[in-house]
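S.K.: Dropping in final14.txt, with compact mmCIF, C-alpha atoms.
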# COMPACT_ATOMS: atom_id res chain seq x y z
CA MET A 1 104.41 94.75 99.74
CA ALA A 2 105.47 97.46 97.36
CA LYS A 3 103.23 98.63 94.57
CA GLY A 4 103.18 96.72 91.31
CA TYR A 5 104.45 93.42 92.67
CA THR A 6 102.74 90.05 92.72
CA ARG A 7 101.15 88.94 95.98
CA ARG A 8 103.17 86.64 98.20
CA ARG A 9 100.56 83.88 98.34
CA ALA A 10 99.53 81.11 96.00
CA ILE A 11 96.26 79.47 96.92
CA ALA A 12 93.59 78.00 94.67
CA ILE A 13 89.93 77.40 95.52
CA PHE A 14 88.34 74.31 94.01
CA ALA A 15 84.71 73.18 93.90
CA ALA A 16 83.65 70.45 96.29
CA ALA A 17 82.20 67.96 93.86
CA ALA A 18 83.74 68.27 90.42
CA GLY A 19 87.11 69.79 91.30
CA LEU A 20 86.43 72.78 89.04
CA PRO A 21 87.53 76.26 90.06
CA LEU A 22 84.74 78.05 91.86
CA LEU A 23 85.94 81.32 90.38
CA THR A 24 84.55 80.25 87.01
CA ALA A 25 81.25 78.93 88.36
CA ALA A 26 79.34 82.03 89.43
CA LYS A 27 75.71 81.71 90.50
CA ALA A 28 75.74 77.91 90.57
CA ALA A 29 72.39 77.74 92.31
CA SER A 30 69.37 80.03 92.61
CA SER A 31 70.12 80.51 96.33
CA THR A 32 73.82 81.16 95.75
CA VAL A 33 75.30 84.50 94.76
CA THR A 34 78.99 84.77 93.87
CA TRP A 35 80.87 88.07 93.80
CA LYS A 36 84.34 88.52 92.31
CA GLY A 37 86.39 91.66 92.74
CA GLN A 38 89.51 93.12 94.34
CA ALA A 39 90.60 93.60 97.95
CA LEU A 40 93.93 95.21 98.86
CA GLY A 41 95.18 94.80 95.31
CA ALA A 42 94.43 91.07 95.10
CA PRO A 43 91.59 88.98 93.64
CA ALA A 44 88.71 88.54 96.08
CA THR A 45 85.69 86.24 96.03
CA LEU A 46 82.53 85.88 98.08
CA ILE A 47 80.22 82.88 97.75
CA LEU A 48 77.02 83.61 99.64
CA ASN A 49 74.16 81.17 100.23
CA HIS A 50 70.93 82.90 101.21
CA GLU A 51 67.26 82.01 100.89
CA ASP A 52 66.45 85.56 99.73
CA ARG A 53 68.44 86.32 96.59
CA ALA A 54 67.59 90.03 96.61
CA ARG A 55 68.73 90.28 100.22
CA ALA A 56 71.94 88.43 99.34
CA GLU A 57 72.69 90.88 96.55
CA ARG A 58 72.12 93.84 98.90
CA LEU A 59 74.49 92.21 101.39
CA ILE A 60 77.14 91.97 98.70
CA ASP A 61 76.75 95.72 98.07
CA THR A 62 77.37 96.25 101.79
CA VAL A 63 80.40 93.96 101.66
CA VAL A 64 81.89 95.89 98.73
CA ALA A 65 81.42 99.17 100.60
CA GLU A 66 83.15 97.76 103.69
CA VAL A 67 86.07 96.40 101.65
CA THR A 68 86.43 99.82 100.01
CA ARG A 69 86.46 101.50 103.43
CA LEU A 70 89.10 99.14 104.83
CA GLU A 71 91.20 99.48 101.70
CA ARG A 72 91.41 103.22 102.42
CA VAL A 73 93.02 102.24 105.73
CA PHE A 74 95.42 99.40 104.89
CA SER A 75 96.37 99.50 101.22
CA LEU A 76 99.91 100.17 100.00
CA TYR A 77 98.66 100.25 96.41
CA ARG A 78 97.14 103.71 96.85
CA ASP A 79 98.65 107.01 98.01
CA ASP A 80 95.51 108.22 99.81
CA THR A 81 95.28 105.55 102.53
CA ALA A 82 96.00 105.88 106.24
CA LEU A 83 98.91 103.43 105.96
CA SER A 84 100.47 105.31 103.04
CA GLU A 85 100.19 108.58 104.97
CA LEU A 86 101.77 107.00 108.05
CA ASN A 87 104.70 105.75 105.99
CA ARG A 88 105.07 109.11 104.27
CA VAL A 89 104.80 111.34 107.36
CA GLY A 90 105.91 109.01 110.13
CA ALA A 91 102.92 109.72 112.38
CA LEU A 92 99.12 109.76 112.43
CA VAL A 93 96.91 111.73 114.79
CA ALA A 94 93.43 110.32 115.44
CA PRO A 95 94.21 107.18 113.40
CA PRO A 96 91.47 104.86 112.12
CA GLN A 97 90.60 102.45 114.90
CA ASP A 98 90.88 99.49 112.52
CA LEU A 99 94.55 100.40 112.08
CA VAL A 100 95.08 100.66 115.84
CA ALA A 101 93.34 97.31 116.38
CA LEU A 102 95.41 95.61 113.70
CA LEU A 103 98.65 96.97 115.14
CA GLY A 104 97.60 95.44 118.46
CA SER A 105 97.28 92.07 116.71
CA CYS A 106 100.66 92.62 115.04
CA GLN A 107 102.24 93.17 118.43
CA GLU A 108 100.75 89.91 119.69
CA PHE A 109 102.14 87.90 116.77
CA TRP A 110 105.48 89.72 116.87
CA ASN A 111 105.89 88.64 120.49
CA MET A 112 104.65 85.12 119.76
CA SER A 113 107.14 84.64 116.91
CA ASP A 114 110.15 86.21 118.68
CA GLY A 115 110.20 88.97 116.08
CA GLY A 116 109.70 86.79 113.01
CA PHE A 117 106.38 88.43 112.22
CA ASP A 118 107.09 92.14 111.86
CA PRO A 119 105.15 94.68 109.74
CA THR A 120 108.13 97.07 109.80
CA ILE A 121 109.76 94.87 107.12
CA GLN A 122 108.84 97.35 104.37
CA PRO A 123 112.25 99.13 104.16
CA LEU A 124 113.94 95.76 103.63
CA TRP A 125 111.44 94.87 100.90
CA LEU A 126 112.18 98.18 99.17
CA LEU A 127 115.93 97.54 99.43
CA TYR A 128 115.63 94.22 97.57
CA ARG A 129 113.20 95.65 95.03
CA ASP A 130 115.41 98.63 94.26
CA HIS A 131 118.53 96.46 94.06
CA PHE A 132 117.14 93.96 91.57
CA THR A 133 115.41 96.54 89.37
CA ARG A 134 118.70 98.29 88.67
CA PRO A 135 120.55 97.41 85.45
CA GLU A 136 123.31 94.86 86.02
CA ALA A 137 122.32 94.30 89.64
CA ALA A 138 124.70 92.05 91.56
CA PRO A 139 123.11 88.56 91.56
CA SER A 140 124.27 88.06 95.14
CA GLY A 141 121.74 90.65 96.29
CA PRO A 142 122.16 93.82 98.36
CA SER A 143 125.47 94.19 100.16
CA ALA A 144 125.78 93.16 103.79
CA GLU A 145 126.41 96.82 104.67
CA LYS A 146 123.19 98.00 103.02
CA ILE A 147 121.23 95.24 104.72
CA ARG A 148 122.67 96.22 108.11
CA ASP A 149 121.85 99.88 107.49
CA THR A 150 118.30 99.03 106.43
CA LEU A 151 117.73 96.84 109.48
CA ASP A 152 118.24 99.96 111.60
CA ALA A 153 114.77 101.01 110.39
CA VAL A 154 113.19 97.61 111.11
CA GLY A 155 111.74 96.47 114.43
CA PHE A 156 108.23 96.60 115.86
CA GLU A 157 109.55 98.01 119.12
CA GLY A 158 110.06 101.25 117.16
CA ILE A 159 106.30 101.81 116.83
CA ARG A 160 104.35 103.79 119.43
CA PHE A 161 100.60 103.57 119.13
CA ASP A 162 97.36 104.06 121.02
CA ARG A 163 93.84 105.22 120.17
CA ASP A 164 95.03 108.82 119.74
CA ARG A 165 98.17 108.52 117.63
CA ILE A 166 100.64 106.27 115.86
CA VAL A 167 104.32 107.23 115.67
CA LEU A 168 107.19 105.59 113.78
CA THR A 169 110.17 106.50 115.94
CA ARG A 170 113.05 105.56 113.63
CA PRO A 171 114.32 107.30 110.49
CA LYS A 172 113.11 105.69 107.23
CA MET A 173 110.76 103.38 109.11
CA ALA A 174 107.73 102.12 107.15
CA LEU A 175 105.06 99.45 107.53
CA THR A 176 103.47 96.83 105.33
CA LEU A 177 100.42 95.01 106.64
CA ASN A 178 100.26 92.56 103.76
CA GLY A 179 101.13 89.70 106.11
CA ILE A 180 97.95 90.20 108.14
CA ALA A 181 95.57 92.79 106.65
CA GLN A 182 93.95 90.41 104.16
CA GLY A 183 93.02 88.17 107.06
CA TYR A 184 91.68 91.11 109.06
CA VAL A 185 89.49 92.27 106.17
CA THR A 186 88.21 88.72 105.70
CA ASP A 187 87.26 88.56 109.38
CA ARG A 188 85.44 91.90 109.24
CA ILE A 189 83.38 90.67 106.29
CA VAL A 190 82.56 87.44 108.13
CA ASP A 191 81.40 89.51 111.13
CA LEU A 192 79.20 91.60 108.84
CA LEU A 193 77.62 88.53 107.25
CA ARG A 194 77.02 86.77 110.55
CA ASP A 195 75.41 89.90 112.01
CA ALA A 196 73.04 89.76 109.01
CA GLY A 197 72.11 86.15 109.81
CA VAL A 198 74.19 84.41 107.12
CA THR A 199 75.01 80.80 108.02
CA SER A 200 76.65 79.55 104.79
CA SER A 201 79.36 81.47 102.97
CA LEU A 202 82.95 81.25 101.78
CA VAL A 203 84.77 84.56 102.10
CA ASN A 204 88.08 85.22 100.34
CA MET A 205 89.42 88.75 100.77
CA GLY A 206 92.99 87.64 100.19
CA GLU A 207 92.61 84.87 102.76
CA ASN A 208 89.80 82.33 103.06
CA ARG A 209 87.29 81.82 105.83
CA ALA A 210 84.26 79.55 105.82
CA VAL A 211 80.99 80.48 107.49
CA GLY A 212 79.26 77.22 108.31
CA SER A 213 79.15 74.54 105.62
CA ARG A 214 77.95 74.40 102.04
CA LEU A 215 74.23 74.28 101.28
CA ASP A 216 74.15 70.48 101.33
CA GLY A 217 75.89 70.34 104.71
CA THR A 218 79.25 69.22 103.33
CA PRO A 219 82.43 71.16 104.13
CA TRP A 220 83.78 73.90 101.93
CA ARG A 221 86.84 72.60 100.08
CA ILE A 222 89.98 74.69 99.61
CA GLY A 223 92.70 73.41 97.33
CA LEU A 224 96.30 74.42 97.92
CA ALA A 225 98.76 75.06 95.11
CA GLU A 226 102.27 76.47 95.13
CA ARG A 227 101.57 78.90 92.27
CA GLN A 228 98.48 80.90 91.42
CA ASP A 229 98.48 79.61 87.84
CA ASP A 230 98.47 75.92 88.83
CA ALA A 231 95.49 74.17 87.25
CA PHE A 232 94.92 71.69 90.09
CA PRO A 233 95.67 71.56 93.82
CA ASP A 234 98.13 69.18 95.43
CA VAL A 235 96.26 69.26 98.76
CA VAL A 236 92.52 69.76 99.38
CA LEU A 237 91.30 70.88 102.80
CA ASP A 238 87.75 70.40 104.11
CA VAL A 239 86.72 73.35 106.29
CA ILE A 240 83.65 74.35 108.29
CA ASP A 241 83.77 77.58 110.31
CA LYS A 242 87.54 77.79 109.86
CA ALA A 243 89.99 80.11 108.12
CA VAL A 244 92.85 79.11 105.82
CA ALA A 245 95.91 81.18 104.90
CA THR A 246 98.96 80.24 102.87
CA SER A 247 102.38 81.81 102.44
CA SER A 248 104.56 80.61 99.59
CA GLY A 249 108.03 81.71 98.64
CA MET A 250 107.34 80.24 95.21
CA GLY A 251 104.89 83.02 94.40
CA PHE A 252 107.43 85.76 93.71
CA HIS A 253 111.20 86.20 93.59
CA PHE A 254 113.10 89.44 93.27
CA ASP A 255 115.68 87.92 90.94
CA GLU A 256 115.49 85.86 87.76
CA ALA A 257 117.63 83.12 89.32
CA GLN A 258 114.94 82.77 92.05
CA ARG A 259 117.43 82.85 94.88
CA PHE A 260 115.67 85.64 96.78
CA SER A 261 112.00 85.15 97.60
CA HIS A 262 109.74 87.92 98.80
CA ILE A 263 109.50 86.38 102.28
CA LEU A 264 112.20 88.31 104.14
CA ASP A 265 113.42 87.80 107.70
CA PRO A 266 113.21 91.06 109.70
CA ARG A 267 115.83 89.80 112.13
CA THR A 268 118.59 88.95 109.65
CA GLY A 269 117.59 90.72 106.44
CA GLY A 270 117.87 87.47 104.48
CA ALA A 271 115.33 85.75 102.24
CA ALA A 272 113.58 82.71 103.71
CA ALA A 273 114.18 79.34 102.07
CA LEU A 274 112.89 76.84 104.66
CA TYR A 275 109.58 75.97 103.01
CA ARG A 276 107.91 75.92 99.64
CA ARG A 277 104.56 76.55 101.28
CA VAL A 278 103.18 77.15 104.77
CA THR A 279 99.43 76.81 105.33
CA VAL A 280 97.65 77.56 108.59
CA ILE A 281 94.08 76.62 109.50
CA ALA A 282 92.70 78.58 112.45
CA ASP A 283 89.43 79.88 113.86
CA ASP A 284 89.90 83.32 112.31
CA ALA A 285 91.67 84.63 109.24
CA THR A 286 93.77 87.24 111.05
CA THR A 287 95.45 84.49 113.06
CA ALA A 288 95.86 82.19 110.05
CA ASP A 289 97.31 85.02 107.96
CA ALA A 290 99.82 86.19 110.57
CA LEU A 291 100.95 82.70 111.56
CA SER A 292 101.46 81.57 107.96
CA THR A 293 103.78 84.56 107.58
CA ALA A 294 105.59 83.99 110.88
CA PHE A 295 105.98 80.23 110.45
CA SER A 296 107.61 80.75 107.05
CA LEU A 297 110.58 82.13 109.03
CA MET A 298 110.64 79.56 111.85
CA ASP A 299 112.10 76.06 112.01
CA GLU A 300 109.81 73.14 112.78
CA THR A 301 110.85 72.94 116.43
CA SER A 302 109.95 76.61 116.96
CA ILE A 303 106.63 76.13 115.16
CA ARG A 304 105.79 73.17 117.37
CA SER A 305 106.70 75.17 120.48
CA THR A 306 104.47 78.05 119.38
CA LEU A 307 101.55 75.73 118.69
CA ASP A 308 101.89 74.24 122.17
CA ARG A 309 100.93 77.68 123.49
CA ARG A 310 97.93 78.20 121.18
CA SER A 311 94.89 75.98 120.69
CA GLY A 312 92.85 75.20 117.60
CA VAL A 313 95.54 75.65 114.92
CA LEU A 314 96.67 73.22 112.21
CA VAL A 315 99.80 73.79 110.13
CA ASP A 316 100.53 72.11 106.79
CA LEU A 317 104.15 72.48 105.62
CA VAL A 318 105.88 71.70 102.36
CA ARG A 319 109.63 71.85 103.00
CA ALA A 320 112.13 73.24 100.53
CA ASP A 321 113.09 69.65 99.65
CA GLY A 322 109.44 68.74 98.96
CA GLY A 323 108.87 66.89 102.24
CA HIS A 324 105.46 67.28 103.83
CA ARG A 325 104.58 67.73 107.53
CA ARG A 326 101.49 68.56 109.55
CA PHE A 327 101.27 69.91 113.07
CA GLU A 328 98.06 70.31 115.03
CA THR A 329 97.37 71.87 118.41
CA ARG A 330 94.94 70.59 120.93
CA ALA A 331 91.33 71.65 120.30
Please express the file's structure as structure tokens.
M.R.:
Amino acid sequence: MAKGYTRRRAIAIFAAAAGLPLLTAAKAASSTVTWKGQALGAPATLILNHEDRARAERLIDTVVAEVTRLERVFSLYRDDTALSELNRVGALVAPPQDLVALLGSCQEFWNMSDGGFDPTIQPLWLLYRDHFTRPEAAPSGPSAEKIRDTLDAVGFEGIRFDRDRIVLTRPKMALTLNGIAQGYVTDRIVDLLRDAGVTSSLVNMGENRAVGSRLDGTPWRIGLAERQDDAFPDVVLDVIDKAVATSSGMGFHFDEAQRFSHILDPRTGGAAALYRRVTVIADDATTADALSTAFSLMDETSIRSTLDRRSGVLVDLVRADGGHRRFETRA
């Protein structure tokens, strides 16, 4: 995602009992510490249940430091990150290993989605942004010729990477990891907390992942909404030790007529219009994040086929016409 633009997701978190937003209910219990901040340019929240409040607060300091470190790797909102340097120069020597690991995950999901999930989409995003920020921009969007020319710079097969270097092999090639990095950061924070012995937490670093259950043993509850400013959810999910990620074309459009959403297809250059919202529940947030992005560009038959090859995933779809479907893999 380019700097200065709204995130592509719309997901609301609602309290288990009263239906009130957890974001306004900090420190609800003496054994609960709630942190609110930013991660990769988006609001982030951590709800941590711990018998030792002082220890919990020190853990939050450690979490903030880790988020800051990972932001220096993945963020497009800053010029001093590894990703920004890669896009600017076209290569990185001795890259951060988190970046190498995440590109490995990207390759997995790129293959799984037949190219639908592709972090090299950034040049196409910039094409639409630049088109619609010009005075008297054509409402029909960028020309077919410009889209074809831009697609020459798109395609994960144009990336070469290993532990020692990353190279973008095509002219004007650039990456955005906003379809997966929030999930990766969430997972790293969950790993940190579990290593510290935490058994009850809800982590939201752009995507949500539950560690265990709430203090009373009931599931964490995550409410889904099509827009970030919706007051109430239209679906509430109960989760224990699961991650939830949502992609919504309703969150941002390039144009005032709302014909062109920010979810762009790297294979055709067009804007996706299949679904109003795609939510994925999976064991980890990296998977949920990437699949919610990929499935936004896949028809229901292709989604079902993909799920047949992967266990432990649930998909909740709201179609463009408002119809609702759920798909679930075998456990």
S.K.: Any idea what the distance is between atom CA of A:Arg209 and atom CA of A:Ile60?
M.R.: 16.0 Å
S.K.: Could you state the separation of atom CA of A:Arg188 and atom CA of A:Thr293 in Å, given to one decimal place?
M.R.: 19.8 Å
S.K.: Within 12 Å of (86.1, 96.6, 96.7), in the coordinates the file gives, what residues turn up when you count all atoms listed in the file, written out as number ranges by chain?
M.R.: A: 35-46, 60-72, 75, 185, 189, 205-206
S.K.: Pick out the closest residue to A:Ser248 from this set: A:Ile281, A:Ala82, A:Leu317, A:Ala181. Count all atoms listed in the file.
M.R.: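 Comparing A:Ile281, A:Ala82, A:Leu317, A:Ala181 against A:Ser248, the winner is A:Leu317.
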S.K.: A:Gln97, A:Ser201, A:Gln258, A:Thr186: which is nearest A:Ser31, counting only C-alpha atoms?
M.R.: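 When distances to A:Ser31 are compared using only C-alpha atoms, the smallest one comes from A:Ser201.
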S.K.: Rank A:Ser302, A:Ser213, A:Thr176, A:Ser261 by their smallest atom-to-atom distance to A:Leu102, using only C-alpha atoms, and report the top residue only.
M.R.: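 Answer, going by the shortest atom-to-atom distance: A:Thr176.
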S.K.: Would you mind telling me which residue in A:Ser140, A:Thr329, A:Leu264, A:Arg214 lies nearest to A:Phe252 when using only C-alpha atoms?
M.R.: A:Leu264
S.K.: If you measure from atom CA of A:Ser84 to atom CA of A:Leu177, what distance in Å do you get, rounded to one decimal?
M.R.: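 Atom CA of A:Ser84 sits 10.9 Å away from atom CA of A:Leu177.
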S.K.: For stretch 171-179 of chain A, I'd like the enclosing box, axis-aligned and padded by 8 Å on every side, reported as AutoDock Vina command-line options with centre and edge lengths in Å to one decimal.
M.R.:
--center_x 107.3 --center_y 98.5 --center_z 107.1 --size_x 30.1 --size_y 33.6 --size_z 22.7
S.K.: Would you mind listing, for every residue of stretch 20-95 of chain A within 10 Å of stretch 142-162 of chain A, the two atoms forming the shortest contact and the distance between them in Å to one decimal, using all atoms listed in the file, sorted by chain and ascending residue number, as a tab-separated table?
M.R.:
residue	atom	partner	partner_atom	distance
A:Gly90	CA	A:Ile159	CA	9.8
A:Ala91	CA	A:Arg160	CA	9.3
A:Leu92	CA	A:Phe161	CA	9.2
A:Val93	CA	A:Asp162	CA	9.9
A:Ala94	CA	A:Asp162	CA	9.3
A:Pro95	CA	A:Asp162	CA	8.8
S.K.: Which residues, written as a list in words, have at least one atom at most 8 Å from stretch 106-114 of chain A, with only C-alpha atoms counted and residues fewer than 4 positions away on the same chain left out?
M.R.: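 Those residues are Leu102, Asp118, Pro119, Phe156, Ile180, Ala290, Leu291, Ala294, Phe295, Met298 and Thr306 of chain A.
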S.K.: With 12 Å as the threshold, what does the neighbourhood of (105.7, 112.0, 106.9) contain in terms of residues, counting all atoms listed in the file? Coordinates are those of the file; answer as a PyMOL selection string.
M.R.: chain A and resi 82-93+166-174
S.K.: Name the residues in contact with stretch 282-284 of chain A at a cut-off of 7 Å, using all atoms listed in the file, excluding same-chain residues fewer than 3 positions from it; report them as a list in words.
M.R.: Asp187, Lys242, Ala243, Val244, Thr287, Ala288, Gly312, Val313 and Leu314 of chain A
S.K.: Nearest to A:Glu207 among A:Asn49, A:Thr268, A:Thr286, A:Thr133, with distances taken over only C-alpha atoms: which residue is it?
M.R.: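 Checking each of A:Asn49, A:Thr268, A:Thr286, A:Thr133 against A:Glu207, counting only C-alpha atoms, the winner is A:Thr286.
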S.K.: Got a sec: who's within 9 Å of A:Thr199, counting only C-alpha atoms, leaving out chain neighbours fewer than 5 positions off, as an mmCIF file with C-alpha atoms, keeping the file's coordinate frame?
M.R.:
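Final output, part-v7.cif:
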data_model
loop_
_atom_site.group_PDB
_atom_site.id
_atom_site.type_symbol
_atom_site.label_atom_id
_atom_site.label_comp_id
_atom_site.auth_asym_id
_atom_site.auth_seq_id
_atom_site.Cartn_x
_atom_site.Cartn_y
_atom_site.Cartn_z
ATOM 1 C CA ASN A 49 74.160 81.170 100.230
ATOM 2 C CA HIS A 50 70.930 82.900 101.210
ATOM 3 C CA LEU A 193 77.620 88.530 107.250
ATOM 4 C CA ARG A 194 77.020 86.770 110.550
ATOM 5 C CA VAL A 211 80.990 80.480 107.490
ATOM 6 C CA GLY A 212 79.260 77.220 108.310
ATOM 7 C CA SER A 213 79.150 74.540 105.620
#
S.K.: Could you give me, as a ChimeraX atom specification, the residues within 9 Å of A:Ala271, counting all atoms listed in the file and dropping anything in the same chain fewer than 2 positions from it?
M.R.: /A:259-265,268-269,273
